[in-house]
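What follows is query_38.txt (compact mmCIF, C-alpha atoms).
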# COMPACT_ATOMS: atom_id res chain seq x y z
CA MET A 46 191.90 164.80 104.54
CA ALA A 47 189.00 166.70 103.03
CA ASP A 48 186.75 165.92 105.92
CA HIS A 49 183.76 167.94 104.85
CA THR A 50 183.20 166.50 101.36
CA ASN A 51 183.97 163.04 102.69
CA SER A 52 181.27 163.15 105.31
CA VAL A 53 178.66 164.33 102.81
CA GLU A 54 179.60 161.48 100.51
CA ASN A 55 179.52 159.09 103.45
CA THR A 56 176.00 160.01 104.50
CA ASP A 57 174.83 159.57 100.92
CA LYS A 58 176.48 156.17 100.76
CA HIS A 59 175.11 155.35 104.19
CA GLU A 60 171.56 156.13 103.08
CA PHE A 61 172.03 154.14 99.89
CA TYR A 62 173.23 151.05 101.75
CA LYS A 63 170.51 151.38 104.37
CA LYS A 64 167.92 151.36 101.63
CA LYS A 65 169.59 148.38 100.00
CA HIS A 66 169.62 146.49 103.30
CA ARG A 67 165.95 147.23 103.85
CA GLU A 68 165.23 145.86 100.36
CA GLN A 69 167.17 142.65 101.19
CA MET A 70 165.31 142.36 104.48
CA LYS A 71 161.98 142.42 102.65
CA HIS A 72 163.11 139.51 100.46
CA GLN A 73 164.19 137.63 103.55
CA VAL A 74 160.84 138.11 105.29
CA VAL A 75 159.05 136.85 102.16
CA THR A 76 161.44 133.87 102.16
CA PHE A 77 160.56 133.17 105.78
CA VAL A 78 156.81 133.25 105.07
CA MET A 79 157.29 130.85 102.13
CA MET A 80 159.33 128.47 104.28
CA ILE A 81 156.63 128.44 106.96
CA ALA A 82 154.03 127.80 104.24
CA PHE A 83 156.08 124.91 102.81
CA THR A 84 156.46 123.45 106.28
CA LEU A 85 152.69 123.65 106.82
CA ILE A 86 152.02 121.95 103.48
CA ALA A 87 154.51 119.16 104.24
CA PHE A 88 153.06 118.48 107.72
CA GLY A 89 149.51 118.86 106.37
CA LEU A 90 150.03 116.22 103.68
CA VAL A 91 151.36 113.73 106.22
CA ILE A 92 148.70 114.43 108.87
CA ALA A 93 145.90 114.22 106.25
CA GLU A 94 147.33 110.79 105.26
CA VAL A 95 147.41 111.54 101.55
CA SER A 96 148.73 108.52 99.59
CA ALA A 97 152.44 107.85 100.19
CA MET A 98 153.30 107.69 96.49
CA PHE A 99 152.15 111.29 96.21
CA THR A 100 153.32 112.63 99.59
CA ILE A 101 156.93 111.37 99.61
CA PRO A 102 158.17 113.09 96.43
CA ILE A 103 156.29 116.30 97.30
CA ILE A 104 157.75 116.66 100.79
CA LEU A 105 161.27 115.89 99.50
CA VAL A 106 160.95 118.59 96.84
CA LEU A 107 159.56 121.05 99.42
CA ALA A 108 162.58 120.33 101.66
CA ALA A 109 165.01 120.88 98.77
CA VAL A 110 163.36 124.20 97.86
CA GLN A 111 163.41 125.33 101.50
CA VAL A 112 167.13 124.60 101.66
CA LEU A 113 167.76 126.64 98.49
CA PHE A 114 165.80 129.54 100.02
CA GLN A 115 167.87 129.24 103.16
CA LEU A 116 171.16 129.16 101.22
CA TYR A 117 170.39 131.94 98.74
CA TYR A 118 168.47 134.40 100.91
CA PHE A 119 169.31 133.73 104.57
CA MET A 120 172.94 132.79 103.92
CA HIS A 121 173.29 135.54 101.28
CA MET A 122 174.44 133.31 98.40
CA ASN A 123 172.40 135.52 96.05
CA GLU A 124 174.80 138.41 96.77
CA GLU A 125 177.95 139.09 94.77
CA GLY A 126 181.25 137.45 95.68
CA HIS A 127 179.75 134.05 96.44
CA GLN A 128 181.25 131.97 93.62
CA TRP A 129 183.60 130.01 95.87
CA PRO A 130 180.98 129.41 98.54
CA ALA A 131 178.77 128.00 95.76
CA VAL A 132 181.58 125.75 94.55
CA MET A 133 182.17 124.47 98.08
CA ILE A 134 178.57 123.88 99.09
CA TYR A 135 177.69 122.22 95.76
CA SER A 136 180.75 119.96 95.98
CA GLY A 137 179.52 119.07 99.46
CA ILE A 138 176.02 118.37 98.13
CA PHE A 139 177.47 116.28 95.28
CA ALA A 140 179.45 114.11 97.71
CA ALA A 141 176.42 113.99 100.03
CA VAL A 142 174.15 112.64 97.29
CA LEU A 143 176.75 109.99 96.35
CA THR A 144 177.09 108.98 100.01
CA ILE A 145 173.35 108.61 100.54
CA LEU A 146 172.89 106.71 97.26
CA ALA A 147 175.75 104.36 98.12
CA LEU A 148 174.56 103.65 101.67
CA THR A 149 170.94 103.07 100.68
CA THR A 150 171.61 100.98 97.57
CA ILE A 151 174.01 98.59 99.32
CA THR A 152 171.31 97.78 101.87
CA TRP A 153 168.27 97.65 99.60
CA TRP A 154 169.73 95.81 96.58
CA MET B 249 195.12 150.57 108.59
CA ALA B 250 195.87 147.77 111.00
CA GLU B 251 195.37 149.89 114.13
CA ASP B 252 191.94 151.02 112.91
CA VAL B 253 190.60 147.50 112.80
CA LEU B 254 189.70 147.40 116.50
CA LYS B 255 188.02 150.81 116.48
CA SER B 256 184.34 150.86 115.82
CA GLY B 257 182.85 153.50 113.62
CA ASN B 258 182.00 153.75 109.99
CA LEU B 259 181.99 150.23 108.64
CA PRO B 260 182.32 149.60 104.92
CA GLU B 261 179.69 147.68 102.99
CA ASN B 262 180.13 143.93 103.72
CA PRO B 263 182.36 144.51 106.79
CA GLU B 264 182.68 140.74 107.22
CA ARG B 265 184.71 140.55 104.01
CA ALA B 266 186.55 143.88 104.21
CA THR B 267 189.79 142.52 105.70
CA LEU B 268 191.98 139.66 104.53
CA GLU B 269 191.29 137.83 107.79
CA GLY B 270 187.55 138.30 107.30
CA ARG B 271 187.71 137.00 103.74
CA ASN B 272 189.74 133.99 104.85
CA LYS B 273 187.23 133.22 107.59
CA PHE B 274 184.34 133.59 105.17
CA MET B 275 185.94 131.29 102.58
CA GLY B 276 187.18 128.77 105.14
CA PHE B 277 183.79 128.61 106.77
CA TRP B 278 182.02 127.79 103.52
CA PHE B 279 184.62 125.09 102.93
CA PHE B 280 183.80 123.72 106.38
CA LEU B 281 180.07 123.79 105.59
CA GLY B 282 180.71 121.70 102.47
CA GLY B 283 182.42 119.15 104.71
CA GLU B 284 179.58 119.27 107.24
CA THR B 285 177.14 118.50 104.43
CA VAL B 286 179.01 115.26 103.71
CA LEU B 287 179.20 114.42 107.42
CA PHE B 288 175.45 114.75 107.83
CA ALA B 289 174.89 112.88 104.56
CA SER B 290 176.68 109.85 105.98
CA LEU B 291 174.43 109.97 109.05
CA PHE B 292 171.31 110.42 106.89
CA GLY B 293 172.40 107.53 104.66
CA THR B 294 172.93 105.31 107.70
CA TYR B 295 169.53 106.27 109.07
CA LEU B 296 167.77 105.62 105.75
CA ALA B 297 169.43 102.23 105.48
CA LEU B 298 168.50 101.20 109.04
CA ARG B 299 165.18 102.92 109.66
CA ASN B 300 163.12 99.74 109.31
CA SER B 301 165.47 97.59 111.40
CA ASN B 302 163.65 98.08 114.67
CA ALA B 303 164.37 94.55 116.01
CA GLU B 304 160.96 94.18 117.72
CA GLY B 305 161.54 97.49 119.47
CA PRO B 306 159.29 100.49 118.79
CA ALA B 307 159.01 101.49 115.11
CA SER B 308 159.07 105.07 113.85
CA GLU B 309 155.28 105.39 113.46
CA ASP B 310 154.77 104.20 117.07
CA ILE B 311 156.84 106.88 118.74
CA PHE B 312 157.07 110.04 116.61
CA GLY B 313 154.64 112.82 117.54
CA LEU B 314 154.26 115.41 114.79
CA GLY B 315 152.90 118.15 117.08
CA LEU B 316 156.14 118.52 119.02
CA VAL B 317 158.24 118.29 115.85
CA PHE B 318 156.16 120.99 114.22
CA ILE B 319 156.69 123.37 117.14
CA MET B 320 160.42 122.61 117.10
CA THR B 321 160.54 123.31 113.37
CA VAL B 322 158.80 126.67 113.75
CA LEU B 323 161.12 127.61 116.64
CA LEU B 324 164.26 126.85 114.66
CA LEU B 325 162.96 128.49 111.49
CA THR B 326 162.06 131.63 113.43
CA SER B 327 165.47 131.68 115.09
CA SER B 328 166.97 131.59 111.61
CA LEU B 329 164.97 134.71 110.72
CA THR B 330 165.97 136.50 113.94
CA SER B 331 169.64 135.86 113.19
CA VAL B 332 169.03 137.36 109.73
CA TYR B 333 167.63 140.41 111.57
CA ALA B 334 170.80 140.50 113.68
CA MET B 335 172.96 140.54 110.54
CA TYR B 336 170.74 143.27 109.08
CA HIS B 337 171.49 145.46 112.10
CA MET B 338 175.16 144.51 111.96
CA LYS B 339 175.36 145.78 108.37
CA ASN B 340 173.69 149.01 109.48
CA ASN B 341 176.27 149.28 112.29
CA ASP B 342 173.65 149.10 115.05
CA PHE B 343 175.39 147.05 117.70
CA LYS B 344 172.67 147.13 120.38
CA LYS B 345 169.93 145.91 118.06
CA MET B 346 172.21 143.21 116.75
CA GLN B 347 172.85 141.99 120.30
CA LEU B 348 169.10 142.08 121.01
CA TRP B 349 168.24 139.92 117.98
CA LEU B 350 171.11 137.54 118.68
CA GLY B 351 169.72 137.25 122.21
CA ILE B 352 166.27 136.35 120.83
CA THR B 353 167.94 133.79 118.55
CA VAL B 354 169.63 132.21 121.55
CA VAL B 355 166.34 132.03 123.50
CA LEU B 356 164.59 130.32 120.57
CA GLY B 357 167.53 127.93 120.18
CA LEU B 358 167.40 127.08 123.89
CA ALA B 359 163.65 126.38 123.64
CA PHE B 360 164.35 124.07 120.69
CA LEU B 361 167.07 122.24 122.60
CA GLY B 362 164.85 121.90 125.68
CA MET B 363 162.10 120.33 123.59
CA GLU B 364 164.56 117.93 121.99
CA ILE B 365 165.81 116.82 125.40
CA TYR B 366 162.20 116.33 126.54
CA GLU B 367 161.52 114.32 123.36
CA PHE B 368 164.49 111.98 123.93
CA TYR B 369 163.62 111.60 127.61
CA HIS B 370 160.06 110.72 126.66
CA TYR B 371 161.24 108.08 124.15
CA VAL B 372 163.63 106.46 126.60
CA HIS B 373 161.26 106.39 129.59
CA GLY B 374 157.85 106.23 127.93
CA TYR B 375 158.65 103.74 125.17
CA GLU B 376 161.87 102.05 126.35
CA PHE B 377 163.46 103.30 123.16
CA GLY B 378 167.11 103.54 124.20
CA TYR B 379 170.26 104.06 122.17
CA THR B 380 170.95 100.30 122.02
CA THR B 381 167.35 99.11 121.52
CA SER B 382 167.72 98.54 117.78
CA ALA B 383 169.73 99.58 114.74
CA PHE B 384 166.92 102.05 114.04
CA SER B 385 167.20 103.63 117.48
CA SER B 386 171.01 103.95 117.25
CA ALA B 387 170.80 105.55 113.81
CA PHE B 388 168.00 107.86 114.98
CA TYR B 389 169.77 109.08 118.13
CA THR B 390 173.08 109.49 116.30
CA LEU B 391 171.58 111.60 113.51
CA VAL B 392 169.19 113.73 115.57
CA GLY B 393 171.57 113.90 118.53
CA PHE B 394 174.40 115.08 116.30
CA HIS B 395 172.16 117.86 115.08
CA GLY B 396 171.18 118.68 118.68
CA GLY B 397 174.89 118.83 119.52
CA HIS B 398 175.37 121.32 116.70
CA VAL B 399 172.55 123.43 118.13
CA ALA B 400 174.17 123.37 121.58
CA PHE B 401 177.55 124.30 120.11
CA GLY B 402 176.01 127.11 118.04
CA LEU B 403 174.33 128.53 121.16
CA LEU B 404 177.61 128.46 123.10
CA TRP B 405 179.36 130.10 120.16
CA ILE B 406 176.85 132.95 119.80
CA VAL B 407 176.65 133.56 123.57
CA SER B 408 180.45 133.71 123.90
CA LEU B 409 180.69 136.15 120.99
CA MET B 410 177.98 138.32 122.56
CA ILE B 411 179.70 138.40 125.96
CA ARG B 412 183.24 138.77 124.62
CA ASN B 413 182.31 141.73 122.40
CA ALA B 414 179.68 143.30 124.69
CA LYS B 415 181.81 146.39 125.37
CA ARG B 416 183.62 146.58 122.04
CA GLY B 417 180.89 147.55 119.63
CA LEU B 418 181.21 146.55 116.00
CA ASN B 419 184.50 146.72 114.16
CA LEU B 420 186.27 145.05 111.29
CA TYR B 421 187.77 142.54 113.69
CA ASN B 422 184.56 141.11 115.14
CA THR B 423 182.02 141.52 112.32
CA PRO B 424 183.42 138.44 110.47
CA LYS B 425 183.02 136.47 113.71
CA PHE B 426 179.37 137.40 114.10
CA TYR B 427 178.75 136.80 110.42
CA ILE B 428 180.10 133.24 110.30
CA ALA B 429 178.34 132.36 113.56
CA SER B 430 175.09 133.34 111.88
CA LEU B 431 176.01 131.27 108.80
CA TYR B 432 176.52 128.31 111.12
CA TRP B 433 173.13 128.91 112.69
CA HIS B 434 171.44 128.92 109.27
CA PHE B 435 173.24 125.72 108.37
CA ILE B 436 171.79 124.07 111.49
CA ASP B 437 168.36 125.02 110.20
CA VAL B 438 169.21 123.60 106.74
CA VAL B 439 170.02 120.25 108.35
CA TRP B 440 166.85 120.37 110.45
CA VAL B 441 164.70 120.84 107.31
CA PHE B 442 165.97 117.45 106.12
CA ILE B 443 165.62 115.88 109.57
CA PHE B 444 161.96 116.79 109.95
CA THR B 445 161.26 115.67 106.38
CA VAL B 446 163.31 112.48 106.17
CA VAL B 447 163.12 111.29 109.78
CA TYR B 448 159.78 112.44 111.15
CA LEU B 449 157.52 112.94 108.14
CA LEU B 450 158.79 109.90 106.20
CA GLY B 451 158.69 107.95 109.47
CA LYS B 452 154.97 108.64 109.71
CA VAL B 453 154.23 108.00 106.03
CA GLY B 454 156.09 104.69 106.14

Show this structure as structure tokens.
Amino acid sequence: MADHTNSVENTDKHEFYKKKHREQMKHQVVTFVMMIAFTLIAFGLVIAEVSAMFTIPIILVLAAVQVLFQLYYFMHMNEEGHQWPAVMIYSGIFAAVLTILALTTITWW
Amino acid sequence: MAEDVLKSGNLPENPERATLEGRNKFMGFWFFLGGETVLFASLFGTYLALRNSNAEGPASEDIFGLGLVFIMTVLLLTSSLTSVYAMYHMKNNDFKKMQLWLGITVVLGLAFLGMEIYEFYHYVHGYEFGYTTSAFSSAFYTLVGFHGGHVAFGLLWIVSLMIRNAKRGLNLYNTPKFYIASLYWHFIDVVWVFIFTVVYLLGKVG
């Protein structure tokens, strides 16, 4: 084993990855701030008693966006090698939407 | 290679997916999360269908307090960020800092769980809103309680990993374990985003 050259390469790699991780961390902190902001907006709309026709779609969209943030940044789905996780979670979401539609329509229609 | 797996030291990039076992865990766990999504969807669907069937018992706008729910939301959201910090230190092979941030995650999770228990206790004793009061109450406790159960399980999971690996340091054998535990913790937060929106906020709007 050429130990010397290896260790030089390793420290370079190490520095590179450290920098990359720090970059990812920055994105994740921004994500967190946005999620807190979305939460504040959602609670604010309800507490301020803005009309329901306006509030309901907005808070549902805010929730959906927060979940995408969570999936893509906190759960790393924006990184490479996440094709199968995407297939699995979106299949789950597809079945979830069907389930909710079925259960609500059979009671309300 | 096999005997190196338990030794800590220089970890490759993405240590959680560097071994076949790690990759299998990663893939299997996402498959499980897809299933969990459907499980929670059935509980959400049931709740949405029954949320106005309060059978002369308390209705949602009578009992929900948004202040407590807001604090719980911030606690869980912050714990999601602290577990991201833990994974950041894991990828940089800094075991002590990872344990520290996981510890903070556990404390925040415990605070969340404590507030949820207080909330349920308050509903049952302050409003006589028990599990069998109405279809609404059963659907509410099943959905929110199931999520609370997931939080409790996630806490047990993270604490056992922290204790079991306390003297091992990070290696290719335990990094996948920490990684999927943190995925689970984020998923709990994903579900909570829909709970505070669909249950509490929609419950107040009507």

Where does chain B meet chain A within 8 Å, residue by residue, with the nearest atom pair and distance in Å to one decimal for each, counting only C-alpha atoms, listed by chain and rising number, as a tab-separated table?
residue	atom	partner	partner_atom	distance
B:Glu261	CA	A:Tyr62	CA	7.4
B:Met275	CA	A:Pro130	CA	6.7
B:Trp278	CA	A:Pro130	CA	5.3
B:Phe279	CA	A:Met133	CA	5.5
B:Leu281	CA	A:Ile134	CA	6.7
B:Gly282	CA	A:Gly137	CA	4.2
B:Gly283	CA	A:Gly137	CA	6.0
B:Glu284	CA	A:Gly137	CA	7.8
B:Thr285	CA	A:Gly137	CA	5.5
B:Val286	CA	A:Ala141	CA	4.7
B:Leu287	CA	A:Ala141	CA	7.9
B:Phe288	CA	A:Ala141	CA	7.9
B:Ala289	CA	A:Ala141	CA	4.9
B:Ser290	CA	A:Thr144	CA	6.0
B:Phe292	CA	A:Ile145	CA	6.9
B:Gly293	CA	A:Ile145	CA	4.4
B:Thr294	CA	A:Leu148	CA	6.5
B:Leu296	CA	A:Thr149	CA	6.5
B:Ala297	CA	A:Thr149	CA	5.1
B:Leu314	CA	A:Phe88	CA	7.8
B:Phe318	CA	A:Phe88	CA	7.6
B:Val322	CA	A:Ile81	CA	7.3
B:Leu325	CA	A:Phe77	CA	7.8
B:Thr326	CA	A:Phe77	CA	7.9
B:Ser328	CA	A:Phe119	CA	7.7
B:Leu329	CA	A:Phe77	CA	6.8
B:Val332	CA	A:Phe119	CA	6.3
B:Tyr333	CA	A:Met70	CA	7.7
B:Tyr336	CA	A:His66	CA	6.7
B:Lys339	CA	A:His66	CA	7.7
B:Asn340	CA	A:Lys63	CA	6.5
B:Leu431	CA	A:Met120	CA	6.0
B:His434	CA	A:Met120	CA	6.8
B:Val438	CA	A:Val112	CA	5.6
B:Val441	CA	A:Ala108	CA	6.1
B:Phe442	CA	A:Ala108	CA	6.3
B:Thr445	CA	A:Ile104	CA	6.7
B:Val446	CA	A:Leu105	CA	7.8
B:Leu449	CA	A:Val91	CA	6.5
B:Leu450	CA	A:Ile101	CA	7.0
B:Lys452	CA	A:Val91	CA	7.1
B:Val453	CA	A:Ala97	CA	6.1
B:Gly454	CA	A:Ala97	CA	7.7

Could you name the residues that touch Ser386 (chain B) at 10 Å or less, counting all atoms listed in the file, but leaving out those on the same chain fewer than 3 positions away, as a PyMOL selection string?
chain B and resi 294-295+298-299+302+377-383+389-391

Figure out the distance between CA of Val110 (chain A) and CA of Met338 (chain B), please, to one decimal in Å.
27.4 Å

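Proximity to region 358-371 of chain B at 8 Å, evaluated using all atoms listed in the file and with sequence-adjacent residues fewer than 3 positions away removed, yields B:Ile311, B:Leu316, B:Met320, B:Leu323, B:Leu324, B:Val354, B:Val355, B:Gly374, B:Tyr375, B:Glu376, B:Phe377, B:Gly378, B:Gly396, B:Val399, B:Ala400, B:Leu403.
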
For CA of Phe394 (chain B) and CA of Ile319 (chain B), quote the distance in Å rounded to one decimal.
19.6 Å

For CA of Leu420 (chain B) and CA of His398 (chain B), determine how far apart the two atoms are, in Å to one decimal place.
26.7 Å
